[in-house]
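Asker: One structure coming up, written as C-alpha cells, with questions to follow.
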Amino acid sequence: MHRHLAIQTHIFLTGPTGYIGGSVLTRLLSHPLSDTFRLTVLVRSSEKASQFRTMGIRAVVGSNSDLGLLKELAGDSDLVIACADADDENAARAILEGLKDRYEKTGKAPSLVQPSPNGVLMDDAEGMFSTDTVYSDLNVAQLEGLPITQPHRSVDVALVNADKAGYVRTYIILPPTIYGIASGPLVDAGLQNPYSQQIPRLIKWSLYRQRAGMVGDGKNIWPNVHIGEEAHHKPGPPNPLFGHGVSGFYFCENGEHTLHSVGEAIGKAMVALGKAKDPTPTSFTTEELAKYFPNGTGLGSNSRCRADRSRGLGWKPVKTTQDMLASVQHEMD
C-alpha cells in the first residue's frame, strides 16, 4: 500500500487476524483506492501489531473488551468494519457511540459494516428435516419479522435502530457456510487464521471417531459461499438496491447443501486417505454431541436464503456447491 495520494477515508477494522476479517483486510490492501485509506486495526497481540505496522497499517493493541478504546477509534473513523464478534452487543454499542460522536463532529453520517452469520435464520431441525422457508435480502418485512431471540439478532437490531436515528449508515453482511482456505499476504505472514469453522470442525471430529459424522440424518439445508467471493462482496455502481439500515441486509450465497452431502464428501475423503473404511456418514450420538459441541451447535439447523439484493448490485459469485464439496479433500490434505 503506497502513500503518495492524500488520505481521504479513515477505516477502522476489528478482527483483522480472523478468517473473515483478515480476508476483508487483504481486499482493502489491494483495493484500487487503497492509497487513500488510513487503515486502523485492533489486535490483541503486541507482536502482531508490530507486524501490521511494517505493512503500513496503524495497529492498536486491545480487544472488544476495551469499550472506551472502541468508542475512541470508531469516533475517528469514516467507516468501521466490525469482524471480531457478531454477538458482542457491548462492543457494538461502544462502536455506535463513537460513530455518533463522529457524526456530531463532522455532520456526516459514517458507515458501519458488520458480518453477522446467517445463523440468524436457524431453526431447530437438528438434522431431521429440511424447510421450504427461504429468506430474501430484498424482503425487508420478512427479515424484520425475525424474533429478537434468534442468534445475532439483538446486535443486528441495535445497528438498525442506530441507522434509524440518522447518525450512522449500517450494512449487515450475512455469510452462510464459508469454505476454502484463505490466502494472501496476511496468511503468508502468519497473521491471519486461514481456516473456516463449520467444515473443518466436522472433519476434525469425523477423523477422531474414524467415521464421517453429522447431526441427525443430515437432511437440513444451508447455503454456501467461497471465502474469496464473500470477502469481495461489495456494492457495484449507484443502484436503488443499495440500501442501509432496515434495507441494509446482504446475503452472500451461491448454492445450497445438505449436511448429509458434506458428511458424504468427508467420508469419501477419509476412505481415500485410509482414515476410514466406509464413506457413509453416521449420526453423532447424544454423547458425541455433548463432547464435541459442549456449547451446542447449529450444524443441524436449516438456514436458507437468496442473495437477491446482492446480485442486483452486481455481485457475481462463480464457485458453486460442487466446488464446496470438492474443497473437503483440500481441507484434509
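If you're wondering about the labels, chains in the C-alpha cells are A, B, ... by order shown, residues count from 1 in each chain, ligands from 1 in order shown.
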May I have the residues within 7 Å of region 195-199 of chain A as a list in words, using only C-alpha atoms and disregarding those fewer than 3 positions away in the same chain?

Answerer: Tyr19, Thr177, Ile178, Tyr179, Ile181, Ala182, Leu202 and Ile203 of chain A

Asker: Would you save the residues from that selection as a PDB file, in the first residue's frame, using C-alpha atoms?

Answerer:
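Dumped to selection.pdb:
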```
ATOM      1  CA  TYR A  19     -10.767 -15.846   8.775  1.00  0.00           C
ATOM      2  CA  THR A 177     -21.233 -21.755   5.387  1.00  0.00           C
ATOM      3  CA  ILE A 178     -17.980 -20.219   4.179  1.00  0.00           C
ATOM      4  CA  TYR A 179     -15.450 -22.616   2.746  1.00  0.00           C
ATOM      5  CA  ILE A 181      -8.558 -21.887   2.724  1.00  0.00           C
ATOM      6  CA  ALA A 182      -7.826 -18.158   2.879  1.00  0.00           C
ATOM      7  CA  LEU A 202     -16.830 -31.664  11.081  1.00  0.00           C
ATOM      8  CA  ILE A 203     -13.606 -33.013   9.600  1.00  0.00           C
TER       9      ILE A 203
END
```

Asker: What lies within 8 Å of region 134-138 of chain A using only C-alpha atoms, ignoring chain neighbours under 6 positions off, as a ChimeraX atom specification?

Answerer: /A:247,249-251,303-310

Asker: To test your reading of the structure, identify every residue in region 14-64 of chain A that backbone DSSP assigns to strand (DSSP E), and report it as a ChimeraX atom specification.

Answerer: /A:14,37-43,58-61

Asker: Give me, as a PDB file with N, CA, C and O atoms, in the first residue's frame, all polymer residues having an atom no more than 12 Å from region 291-293 of chain A, counting only C-alpha atoms and skipping those fewer than 2 positions away in the same chain.

Answerer:
```
ATOM      1  N   GLN A 198     -17.072 -24.361  10.185  1.00  0.00           N
ATOM      2  CA  GLN A 198     -18.044 -25.450  10.107  1.00  0.00           C
ATOM      3  C   GLN A 198     -17.463 -26.743   9.521  1.00  0.00           C
ATOM      4  O   GLN A 198     -17.486 -27.792  10.166  1.00  0.00           O
ATOM      5  N   ARG A 201     -14.445 -28.242  11.442  1.00  0.00           N
ATOM      6  CA  ARG A 201     -14.866 -28.839  12.708  1.00  0.00           C
ATOM      7  C   ARG A 201     -15.477 -30.225  12.478  1.00  0.00           C
ATOM      8  O   ARG A 201     -15.204 -31.165  13.226  1.00  0.00           O
ATOM      9  N   LEU A 202     -16.272 -30.350  11.418  1.00  0.00           N
ATOM     10  CA  LEU A 202     -16.830 -31.664  11.081  1.00  0.00           C
ATOM     11  C   LEU A 202     -15.720 -32.651  10.713  1.00  0.00           C
ATOM     12  O   LEU A 202     -15.759 -33.822  11.088  1.00  0.00           O
ATOM     13  N   ILE A 203     -14.730 -32.165   9.978  1.00  0.00           N
ATOM     14  CA  ILE A 203     -13.606 -33.013   9.600  1.00  0.00           C
ATOM     15  C   ILE A 203     -12.845 -33.471  10.847  1.00  0.00           C
ATOM     16  O   ILE A 203     -12.501 -34.660  10.982  1.00  0.00           O
ATOM     17  N   LYS A 204     -12.588 -32.539  11.751  1.00  0.00           N
ATOM     18  CA  LYS A 204     -11.836 -32.864  12.965  1.00  0.00           C
ATOM     19  C   LYS A 204     -12.486 -34.003  13.746  1.00  0.00           C
ATOM     20  O   LYS A 204     -11.823 -34.987  14.098  1.00  0.00           O
ATOM     21  N   TRP A 205     -13.776 -33.886  13.997  1.00  0.00           N
ATOM     22  CA  TRP A 205     -14.438 -34.887  14.826  1.00  0.00           C
ATOM     23  C   TRP A 205     -14.726 -36.173  14.054  1.00  0.00           C
ATOM     24  O   TRP A 205     -14.773 -37.261  14.637  1.00  0.00           O
ATOM     25  N   SER A 206     -14.875 -36.056  12.736  1.00  0.00           N
ATOM     26  CA  SER A 206     -15.032 -37.266  11.929  1.00  0.00           C
ATOM     27  C   SER A 206     -13.741 -38.088  11.956  1.00  0.00           C
ATOM     28  O   SER A 206     -13.771 -39.320  12.081  1.00  0.00           O
ATOM     29  N   TYR A 208     -11.576 -38.024  14.327  1.00  0.00           N
ATOM     30  CA  TYR A 208     -11.426 -38.518  15.697  1.00  0.00           C
ATOM     31  C   TYR A 208     -12.209 -39.816  15.906  1.00  0.00           C
ATOM     32  O   TYR A 208     -11.717 -40.765  16.523  1.00  0.00           O
ATOM     33  N   ARG A 209     -13.431 -39.854  15.354  1.00  0.00           N
ATOM     34  CA  ARG A 209     -14.296 -41.033  15.543  1.00  0.00           C
ATOM     35  C   ARG A 209     -14.090 -42.077  14.453  1.00  0.00           C
ATOM     36  O   ARG A 209     -14.733 -43.111  14.448  1.00  0.00           O
ATOM     37  N   GLY A 213     -19.216 -37.923  10.347  1.00  0.00           N
ATOM     38  CA  GLY A 213     -20.351 -37.710  11.234  1.00  0.00           C
ATOM     39  C   GLY A 213     -21.238 -36.560  10.794  1.00  0.00           C
ATOM     40  O   GLY A 213     -20.836 -35.694  10.018  1.00  0.00           O
ATOM     41  N   MET A 214     -22.460 -36.563  11.319  1.00  0.00           N
ATOM     42  CA  MET A 214     -23.418 -35.497  11.021  1.00  0.00           C
ATOM     43  C   MET A 214     -24.409 -35.399  12.170  1.00  0.00           C
ATOM     44  O   MET A 214     -24.507 -36.299  13.017  1.00  0.00           O
ATOM     45  N   VAL A 215     -25.149 -34.316  12.192  1.00  0.00           N
ATOM     46  CA  VAL A 215     -26.189 -34.130  13.200  1.00  0.00           C
ATOM     47  C   VAL A 215     -27.482 -34.732  12.664  1.00  0.00           C
ATOM     48  O   VAL A 215     -27.923 -34.401  11.560  1.00  0.00           O
ATOM     49  N   PHE A 284     -24.004 -38.359  14.808  1.00  0.00           N
ATOM     50  CA  PHE A 284     -23.336 -38.238  16.103  1.00  0.00           C
ATOM     51  C   PHE A 284     -24.306 -38.720  17.178  1.00  0.00           C
ATOM     52  O   PHE A 284     -25.499 -38.389  17.146  1.00  0.00           O
ATOM     53  N   THR A 285     -23.803 -39.481  18.131  1.00  0.00           N
ATOM     54  CA  THR A 285     -24.644 -39.895  19.249  1.00  0.00           C
ATOM     55  C   THR A 285     -24.862 -38.716  20.189  1.00  0.00           C
ATOM     56  O   THR A 285     -24.173 -37.686  20.091  1.00  0.00           O
ATOM     57  N   THR A 286     -25.798 -38.864  21.105  1.00  0.00           N
ATOM     58  CA  THR A 286     -26.036 -37.813  22.101  1.00  0.00           C
ATOM     59  C   THR A 286     -24.766 -37.538  22.891  1.00  0.00           C
ATOM     60  O   THR A 286     -24.437 -36.369  23.179  1.00  0.00           O
ATOM     61  N   GLU A 287     -24.041 -38.584  23.223  1.00  0.00           N
ATOM     62  CA  GLU A 287     -22.797 -38.430  23.977  1.00  0.00           C
ATOM     63  C   GLU A 287     -21.744 -37.697  23.144  1.00  0.00           C
ATOM     64  O   GLU A 287     -21.014 -36.845  23.667  1.00  0.00           O
ATOM     65  N   GLU A 288     -21.674 -38.019  21.869  1.00  0.00           N
ATOM     66  CA  GLU A 288     -20.703 -37.356  20.993  1.00  0.00           C
ATOM     67  C   GLU A 288     -21.037 -35.869  20.839  1.00  0.00           C
ATOM     68  O   GLU A 288     -20.137 -35.014  20.871  1.00  0.00           O
ATOM     69  N   LEU A 289     -22.302 -35.545  20.653  1.00  0.00           N
ATOM     70  CA  LEU A 289     -22.692 -34.134  20.515  1.00  0.00           C
ATOM     71  C   LEU A 289     -22.299 -33.351  21.751  1.00  0.00           C
ATOM     72  O   LEU A 289     -21.800 -32.218  21.653  1.00  0.00           O
ATOM     73  N   ASN A 295     -21.081 -26.463  23.761  1.00  0.00           N
ATOM     74  CA  ASN A 295     -21.901 -25.245  23.788  1.00  0.00           C
ATOM     75  C   ASN A 295     -23.060 -25.306  22.799  1.00  0.00           C
ATOM     76  O   ASN A 295     -23.708 -24.295  22.512  1.00  0.00           O
ATOM     77  N   GLY A 296     -23.311 -26.504  22.287  1.00  0.00           N
ATOM     78  CA  GLY A 296     -24.363 -26.657  21.294  1.00  0.00           C
ATOM     79  C   GLY A 296     -23.829 -26.381  19.893  1.00  0.00           C
ATOM     80  O   GLY A 296     -22.714 -25.891  19.713  1.00  0.00           O
ATOM     81  N   THR A 297     -24.626 -26.696  18.893  1.00  0.00           N
ATOM     82  CA  THR A 297     -24.215 -26.461  17.507  1.00  0.00           C
ATOM     83  C   THR A 297     -25.429 -26.199  16.627  1.00  0.00           C
ATOM     84  O   THR A 297     -26.507 -26.761  16.847  1.00  0.00           O
ATOM     85  N   GLY A 298     -25.235 -25.334  15.636  1.00  0.00           N
ATOM     86  CA  GLY A 298     -26.289 -25.072  14.667  1.00  0.00           C
ATOM     87  C   GLY A 298     -26.107 -25.880  13.397  1.00  0.00           C
ATOM     88  O   GLY A 298     -26.813 -25.658  12.416  1.00  0.00           O
ATOM     89  N   LEU A 299     -25.170 -26.830  13.425  1.00  0.00           N
ATOM     90  CA  LEU A 299     -24.883 -27.599  12.219  1.00  0.00           C
ATOM     91  C   LEU A 299     -26.094 -28.375  11.709  1.00  0.00           C
ATOM     92  O   LEU A 299     -26.187 -28.673  10.527  1.00  0.00           O
ATOM     93  N   GLY A 300     -27.036 -28.716  12.594  1.00  0.00           N
ATOM     94  CA  GLY A 300     -28.204 -29.478  12.186  1.00  0.00           C
ATOM     95  C   GLY A 300     -29.411 -28.635  11.828  1.00  0.00           C
ATOM     96  O   GLY A 300     -30.490 -29.165  11.566  1.00  0.00           O
TER      97      GLY A 300
END
```

Asker: Calculated over only C-alpha atoms, which of the candidates A:Asp132, A:Glu230, A:Asp66, A:Glu264 has the smallest distance to Pro117 (chain A)?

Answerer: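 For Pro117 (chain A), the nearest of the candidates is A:Glu230.
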
Asker: Please identify all polymer residues within 12 Å of Ile227 (chain A), counting only C-alpha atoms, omitting same-chain residues fewer than 2 positions from it, and present them as an MDAnalysis selection string.

Answerer: chainID A and resid 18:24 26:27 175:184 194:197 224:225 229:233 252:254 317:319 323:324 327

Asker: Using only C-alpha atoms, pick whichever of A:Leu186, A:Leu146, A:Ala109, A:Ala49 has the shortest atom-to-atom distance to Gly166 (chain A).

Answerer: A:Ala109

Asker: At a cut-off of 8 Å, using only C-alpha atoms, what residues contact Ile57 (chain A)? Leave out same-chain residues fewer than 5 positions from it and give the result as a PyMOL selection string.

Answerer: chain A and resi 38-41+52

Asker: Suppose you want the space between CA of Ala276 (chain A) and CA of Arg211 (chain A); what is it in Å?

Answerer: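 Straight-line distance from CA of Ala276 (chain A) to CA of Arg211 (chain A) works out to 5.9 Å.
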
Asker: Which one of A:Phe12, A:Phe242, A:Asn118, A:Ala94 sits closest to Ser77 (chain A) if you count only C-alpha atoms?

Answerer: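 Of all the options, A:Phe12 lies closest to Ser77 (chain A).
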
Asker: Mind giving me the straight-line distance from CA of Gly75 (chain A) to CA of Leu99 (chain A) in Å, one decimal?

Answerer: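 Going from CA of Gly75 (chain A) over to CA of Leu99 (chain A) covers 5.0 Å.
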
Asker: If you run DSSP on the backbone here, which positions in region 90-216 of chain A get alpha helix (DSSP H)? Please write them as a PyMOL selection string.

Answerer: chain A and resi 90-106+140-144+153-165+185-188+198-209

Asker: By how many Å are CA of His260 (chain A) and CA of Gly274 (chain A) apart?

Answerer: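 About the pair CA of His260 (chain A) and CA of Gly274 (chain A): they are 20.7 Å apart.
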